[in-house]
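Written below as structure tokens is the structure these notes are about.
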Amino acid sequence: MAAGSGSLKDATAIVGIGQTPFAKQLPEDERTLACRAVLAALDDAGIAPGEVDALASYTMEETDEVELAKACGFGDLTFFSKVGFGGGGSCATVAHLATAVAAGQASVGVAWRSRKRGSGPRPWTNTAVQLPTPAQWTRPYGLLRPVDEIAMLARRYLHEYGATRDHLFNVALACRNRANQNPAAIMYDRPLTREMYMTSRWVSEPLCLFDNCLETDGALACVVVSAERARDCRRNPVYVHSAAQSLPAQHHGMVNYWNDDPLTGPAWSAARHLWKHSDLAPEDVDVAQIYDAFTPLVLLSLEGYGFCGRGEGGAFTEGGALETGGLLPVNTGGGGLSEAYVHGFNLINEGVKQLRGTSTAQVPDASVCLVTAGEGVPTSALLLRS
């Protein structure tokens, strides 16, 4: 579809990606990291900074549009947006740009995330401000961190469906194995064994150290243009075939207290929209980049996006299903668990690499990739194709 046609399906493409190194601590500030990632993505696309006229980022991004535009030398901006809910907004930043370009509101869009979480403060440690309304129903009762909230969902999931810690280990292992193939991953030279997993310290039962994502400094970015323009860019285009956002009825953050079923999270409603506006189905997906701030989120997402039935996420991971050559290779750069945790943006870039054929853990002939944002919070998803 041409830009301005009113349809999002394949109307736009990601034509450039960029990233900084990842580390526990980087010396540069977040703005510098953002600029480096954005300029690298534009160079990858072969597009001059002065041609950028659209930006999309997270509400938690501390480098704002004005700072980035001045520092990178952008032209007049005709579209800019921010998406809330932390990692739930990752795919939505690309979706917003794709919508703007397809509608003719912009021609060259950049999405990015720059973060110093490895060396910076934790959001929940600031006691000087009033708690947001949802947190008033959780933090006073001991659910201080996201891991505590997800641990409650995980405990319920294990109880209701008979899933075990071995299933959670399968997720952690698949991500670590792919990171061991990726020189850019923080865990590149650190293999994981079942014994290491099972004997590691608890962070919030039933979640242990290796069920938790990394704490990372780093930045990533990507460039979105119309499908027509993409044909003339430096790299083979990766088309945005379908996109979705979801804030389901009666949702309450990660704990989902008031939802009819706490284990039916935002992935389910995002998936309905994603597949409704797609020519593809779950069985057409060659590789998936599934948001993995915590291992149980992958099980919930496998079910929500239709790769297995309700309560079957644990069993789905058996027999190497998530590994290269398995039923559904996931998080082929290492994901948030073992490559870097930058609110899920590395999953977007890894999806692009897979469809370009340049991943360090390349799935042969991959032509369709699902990328998801944070499950447990208002979320988003992209279906990319080559």
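Labels for the structure tokens follow display order: chains A, B, ..., residues from 1 in each chain, ligands from 1.
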
**OP:** For A:Thr164, please output as a ChimeraX atom specification all residues within 10 Å (counting only C-alpha atoms; exclusion window: fewer than 6 positions along the same chain).
**Re:** /A:154-155,157-158,206,314-315

Closest atom pairs, stretch 143-211 of chain A residues within 12 Å of stretch 218-233 of chain A, only C-alpha atoms, as a Markdown table:
| residue | atom | partner | partner_atom | distance |
| --- | --- | --- | --- | --- |
| A:Ala184 | CA | A:Gly218 | CA | 11.2 |
| A:Ala185 | CA | A:Gly218 | CA | 11.4 |
| A:Ile186 | CA | A:Gly218 | CA | 11.0 |

**OP:** Enumerate the residues of stretch 182-290 of chain A with a DSSP assignment of strand (DSSP E), computed from the backbone, and present them as a list in words.
**Re:** Trp202, Val203, Ser204, Leu207, Cys208, Asp217, Gly218, Ala219, Leu220, Ala221, Cys222, Val223, Val224, Val225, Ser226, Val238, Tyr239, Val240, His241, Ser242, Ala243, Ala244, Gln245, Ser246, Val287, Ala288 and Gln289 of chain A

Using N, CA and C atoms, can you write the selected residues to a file as a CSV table (one decimal), in the first residue's frame?
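Written out: result-v4.csv:
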chain,number,residue,atom,x,y,z
A,202,TRP,N,16.9,-16.8,45.2
A,202,TRP,CA,15.6,-16.2,44.9
A,202,TRP,C,15.6,-14.7,44.8
A,203,VAL,N,14.9,-14.2,43.9
A,203,VAL,CA,14.7,-12.7,43.9
A,203,VAL,C,13.3,-12.4,44.4
A,204,SER,N,12.3,-13.2,44.0
A,204,SER,CA,10.9,-13.1,44.5
A,204,SER,C,10.3,-14.4,44.1
A,207,LEU,N,10.5,-16.9,41.5
A,207,LEU,CA,11.4,-16.4,40.4
A,207,LEU,C,12.8,-16.2,41.0
A,208,CYS,N,13.8,-16.9,40.4
A,208,CYS,CA,15.1,-16.8,40.8
A,208,CYS,C,15.9,-15.8,40.0
A,217,ASP,N,22.9,-0.4,30.7
A,217,ASP,CA,23.1,0.9,30.0
A,217,ASP,C,23.2,0.7,28.5
A,218,GLY,N,22.6,1.5,27.8
A,218,GLY,CA,22.7,1.4,26.3
A,218,GLY,C,21.5,2.1,25.6
A,219,ALA,N,21.6,2.1,24.3
A,219,ALA,CA,20.6,2.8,23.5
A,219,ALA,C,20.4,2.1,22.1
A,220,LEU,N,19.2,2.1,21.6
A,220,LEU,CA,18.9,1.6,20.3
A,220,LEU,C,18.0,2.5,19.5
A,221,ALA,N,17.9,2.4,18.2
A,221,ALA,CA,17.0,3.2,17.4
A,221,ALA,C,16.7,2.4,16.1
A,222,CYS,N,15.6,2.9,15.4
A,222,CYS,CA,15.3,2.4,14.1
A,222,CYS,C,14.7,3.5,13.3
A,223,VAL,N,14.7,3.3,12.0
A,223,VAL,CA,14.2,4.3,11.0
A,223,VAL,C,13.0,3.7,10.2
A,224,VAL,N,11.9,4.4,10.1
A,224,VAL,CA,10.7,4.0,9.4
A,224,VAL,C,10.4,4.9,8.3
A,225,VAL,N,10.2,4.4,7.1
A,225,VAL,CA,9.8,5.2,5.9
A,225,VAL,C,8.7,4.4,5.2
A,226,SER,N,8.2,5.0,4.1
A,226,SER,CA,7.1,4.4,3.3
A,226,SER,C,7.7,3.2,2.5
A,238,VAL,N,12.4,-4.1,5.8
A,238,VAL,CA,11.6,-5.0,6.6
A,238,VAL,C,10.3,-4.4,6.9
A,239,TYR,N,9.2,-5.0,6.3
A,239,TYR,CA,7.9,-4.3,6.2
A,239,TYR,C,7.2,-4.5,7.5
A,240,VAL,N,6.5,-3.4,8.0
A,240,VAL,CA,5.6,-3.5,9.1
A,240,VAL,C,4.2,-4.0,8.5
A,241,HIS,N,4.0,-5.3,8.7
A,241,HIS,CA,2.8,-5.9,8.1
A,241,HIS,C,1.6,-5.7,8.9
A,242,SER,N,1.8,-5.7,10.3
A,242,SER,CA,0.6,-5.4,11.2
A,242,SER,C,1.2,-4.9,12.5
A,243,ALA,N,0.4,-4.1,13.2
A,243,ALA,CA,0.8,-3.6,14.5
A,243,ALA,C,-0.5,-3.5,15.4
A,244,ALA,N,-0.2,-3.5,16.7
A,244,ALA,CA,-1.3,-3.5,17.6
A,244,ALA,C,-0.9,-2.9,18.9
A,245,GLN,N,-1.8,-2.2,19.6
A,245,GLN,CA,-1.7,-1.8,21.0
A,245,GLN,C,-2.8,-2.4,21.8
A,246,SER,N,-2.7,-2.5,23.1
A,246,SER,CA,-3.8,-3.1,23.9
A,246,SER,C,-3.7,-2.6,25.3
A,287,VAL,N,10.1,-16.9,13.4
A,287,VAL,CA,10.9,-16.5,14.6
A,287,VAL,C,10.2,-15.5,15.4
A,288,ALA,N,10.3,-15.5,16.7
A,288,ALA,CA,9.6,-14.5,17.5
A,288,ALA,C,10.6,-13.9,18.5
A,289,GLN,N,10.4,-12.6,18.7
A,289,GLN,CA,11.2,-11.8,19.7
A,289,GLN,C,10.1,-11.5,20.8

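Here atom CA of A:Val330 and atom CA of A:His273 stand 21.6 Å from one another.
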
Original post:
With only C-alpha atoms as the atoms that count, which of A:Gly335, A:Leu370, A:Trp137, A:Thr216 lies nearest to A:Trp258?
Top reply: A:Trp137

**OP:** Output as an MDAnalysis selection string all residues of stretch 123-268 of chain A that backbone DSSP marks as alpha helix (DSSP H).
**Re:** chainID A and resid 146:161 165:179 194:199 227:230 266:268

Subject >> Within 12 Å of A:Pro296 using only C-alpha atoms, minus same-chain residues under 4 positions, as a VMD selection string >> reply: chain A and resid 147 149 to 158 163 to 172 206 to 208 210 to 213 254 263 290 to 292 300 to 303 311 313 to 314 317 337 374 to 376

Write the residues of the selection above to a file with C-alpha atoms, as a PDB file, in the first residue's frame.
ATOM      1  CA  VAL A 147       9.377  -8.844  39.936  1.00  0.00           C
ATOM      2  CA  GLU A 149       4.040  -8.527  40.956  1.00  0.00           C
ATOM      3  CA  ILE A 150       5.030 -10.970  38.230  1.00  0.00           C
ATOM      4  CA  ALA A 151       5.967 -13.523  40.893  1.00  0.00           C
ATOM      5  CA  MET A 152       2.327 -13.531  42.007  1.00  0.00           C
ATOM      6  CA  LEU A 153       1.133 -14.222  38.472  1.00  0.00           C
ATOM      7  CA  ALA A 154       3.809 -16.874  38.059  1.00  0.00           C
ATOM      8  CA  ARG A 155       2.796 -18.631  41.279  1.00  0.00           C
ATOM      9  CA  ARG A 156      -0.814 -18.714  40.126  1.00  0.00           C
ATOM     10  CA  TYR A 157       0.185 -19.978  36.686  1.00  0.00           C
ATOM     11  CA  LEU A 158       2.328 -22.789  38.095  1.00  0.00           C
ATOM     12  CA  ALA A 163       3.916 -25.757  34.928  1.00  0.00           C
ATOM     13  CA  THR A 164       7.257 -26.104  36.696  1.00  0.00           C
ATOM     14  CA  ARG A 165      10.497 -24.245  37.187  1.00  0.00           C
ATOM     15  CA  ASP A 166      11.941 -26.460  34.461  1.00  0.00           C
ATOM     16  CA  HIS A 167       9.649 -24.680  31.998  1.00  0.00           C
ATOM     17  CA  LEU A 168      10.897 -21.311  33.203  1.00  0.00           C
ATOM     18  CA  PHE A 169      14.441 -22.604  32.874  1.00  0.00           C
ATOM     19  CA  ASN A 170      13.746 -23.553  29.245  1.00  0.00           C
ATOM     20  CA  VAL A 171      13.009 -19.901  28.531  1.00  0.00           C
ATOM     21  CA  ALA A 172      16.097 -18.644  30.355  1.00  0.00           C
ATOM     22  CA  PRO A 206       9.075 -18.574  42.570  1.00  0.00           C
ATOM     23  CA  LEU A 207      11.396 -16.402  40.438  1.00  0.00           C
ATOM     24  CA  CYS A 208      15.145 -16.799  40.839  1.00  0.00           C
ATOM     25  CA  PHE A 210      17.944 -16.118  36.097  1.00  0.00           C
ATOM     26  CA  ASP A 211      14.206 -15.466  35.710  1.00  0.00           C
ATOM     27  CA  ASN A 212      14.972 -11.743  35.780  1.00  0.00           C
ATOM     28  CA  CYS A 213      16.166  -9.471  33.007  1.00  0.00           C
ATOM     29  CA  MET A 254       1.005  -6.481  36.273  1.00  0.00           C
ATOM     30  CA  LEU A 263      -3.697 -14.845  33.519  1.00  0.00           C
ATOM     31  CA  ILE A 290       8.985 -12.117  22.872  1.00  0.00           C
ATOM     32  CA  TYR A 291       9.333  -9.586  25.661  1.00  0.00           C
ATOM     33  CA  ASP A 292      11.217 -11.280  28.466  1.00  0.00           C
ATOM     34  CA  LEU A 300       1.857 -16.063  28.897  1.00  0.00           C
ATOM     35  CA  SER A 301       2.715 -14.509  25.535  1.00  0.00           C
ATOM     36  CA  LEU A 302       3.036 -17.858  23.754  1.00  0.00           C
ATOM     37  CA  GLU A 303      -0.566 -18.493  24.734  1.00  0.00           C
ATOM     38  CA  GLY A 311      -2.295 -23.298  30.019  1.00  0.00           C
ATOM     39  CA  GLY A 313       2.803 -22.379  27.501  1.00  0.00           C
ATOM     40  CA  GLY A 314       4.972 -24.410  29.835  1.00  0.00           C
ATOM     41  CA  THR A 317       8.848 -24.956  25.793  1.00  0.00           C
ATOM     42  CA  LEU A 337      17.326 -11.873  29.921  1.00  0.00           C
ATOM     43  CA  GLY A 374       5.784  -6.091  27.773  1.00  0.00           C
ATOM     44  CA  GLU A 375       3.116  -8.545  28.843  1.00  0.00           C
ATOM     45  CA  GLY A 376       1.420  -7.709  32.132  1.00  0.00           C
TER      46      GLY A 376
END

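The shortest atom-to-atom distance to A:Leu347, with only C-alpha atoms taken into account, belongs to A:Cys91 out of A:Cys308, A:Cys91, A:Leu327, A:Ala249.
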
Original post:
Contacts of A:Val83 at 9 Å or less, counting only C-alpha atoms, minus same-chain residues fewer than 3 places along, as JSON, numbers by chain?
Top reply: {"A": [56, 57, 58, 59, 60, 86, 88, 89, 90, 92, 93, 96]}

Expected file: the selected residues, C-alpha atoms, as a PDB file, in the first residue's frame:
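This is the output file result-v7.pdb:
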ATOM      1  CA  ALA A  56       8.430   8.371  18.623  1.00  0.00           C
ATOM      2  CA  SER A  57       9.696   7.361  22.039  1.00  0.00           C
ATOM      3  CA  TYR A  58       8.630   6.191  25.487  1.00  0.00           C
ATOM      4  CA  THR A  59       7.157   8.452  28.162  1.00  0.00           C
ATOM      5  CA  MET A  60       9.985   7.167  30.368  1.00  0.00           C
ATOM      6  CA  GLY A  86       7.624   1.211  30.039  1.00  0.00           C
ATOM      7  CA  GLY A  88       4.788  -2.118  26.919  1.00  0.00           C
ATOM      8  CA  GLY A  89       5.476   0.800  24.599  1.00  0.00           C
ATOM      9  CA  SER A  90       8.400  -0.620  22.616  1.00  0.00           C
ATOM     10  CA  ALA A  92       4.065   0.984  19.750  1.00  0.00           C
ATOM     11  CA  THR A  93       6.790   3.533  18.985  1.00  0.00           C
ATOM     12  CA  HIS A  96       3.028   5.251  15.723  1.00  0.00           C
TER      13      HIS A  96
END

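Considering the residues A:Leu77, A:Asn331, A:Val368, A:Arg310 and counting only C-alpha atoms, A:Pro282 has its shortest atom-to-atom contact with A:Val368.
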
Subject >> Selection: 12 Å around A:Asp64, only C-alpha atoms, excl. self and same-chain fewer than 6 positions, as an NGL selection string >> reply: :A and (30-31 or 34-35 or 55-58 or 70-71 or 80-82 or 111-114)

**OP:** Would you mind listing what lies within 10 Å of A:Thr138 as a list in words, with only C-alpha atoms counted and same-chain residues fewer than 4 positions away left out?
**Re:** Thr133, Pro134, Gly142, Leu143, Leu144, Arg145, Asp148, Glu149, Gly253, Val255 and Tyr257 of chain A

**OP:** Have a look at A:Arg36, A:Arg235, A:His251, A:Lys9 and name the one nearest to A:Leu355; count only C-alpha atoms.
**Re:** A:Arg235
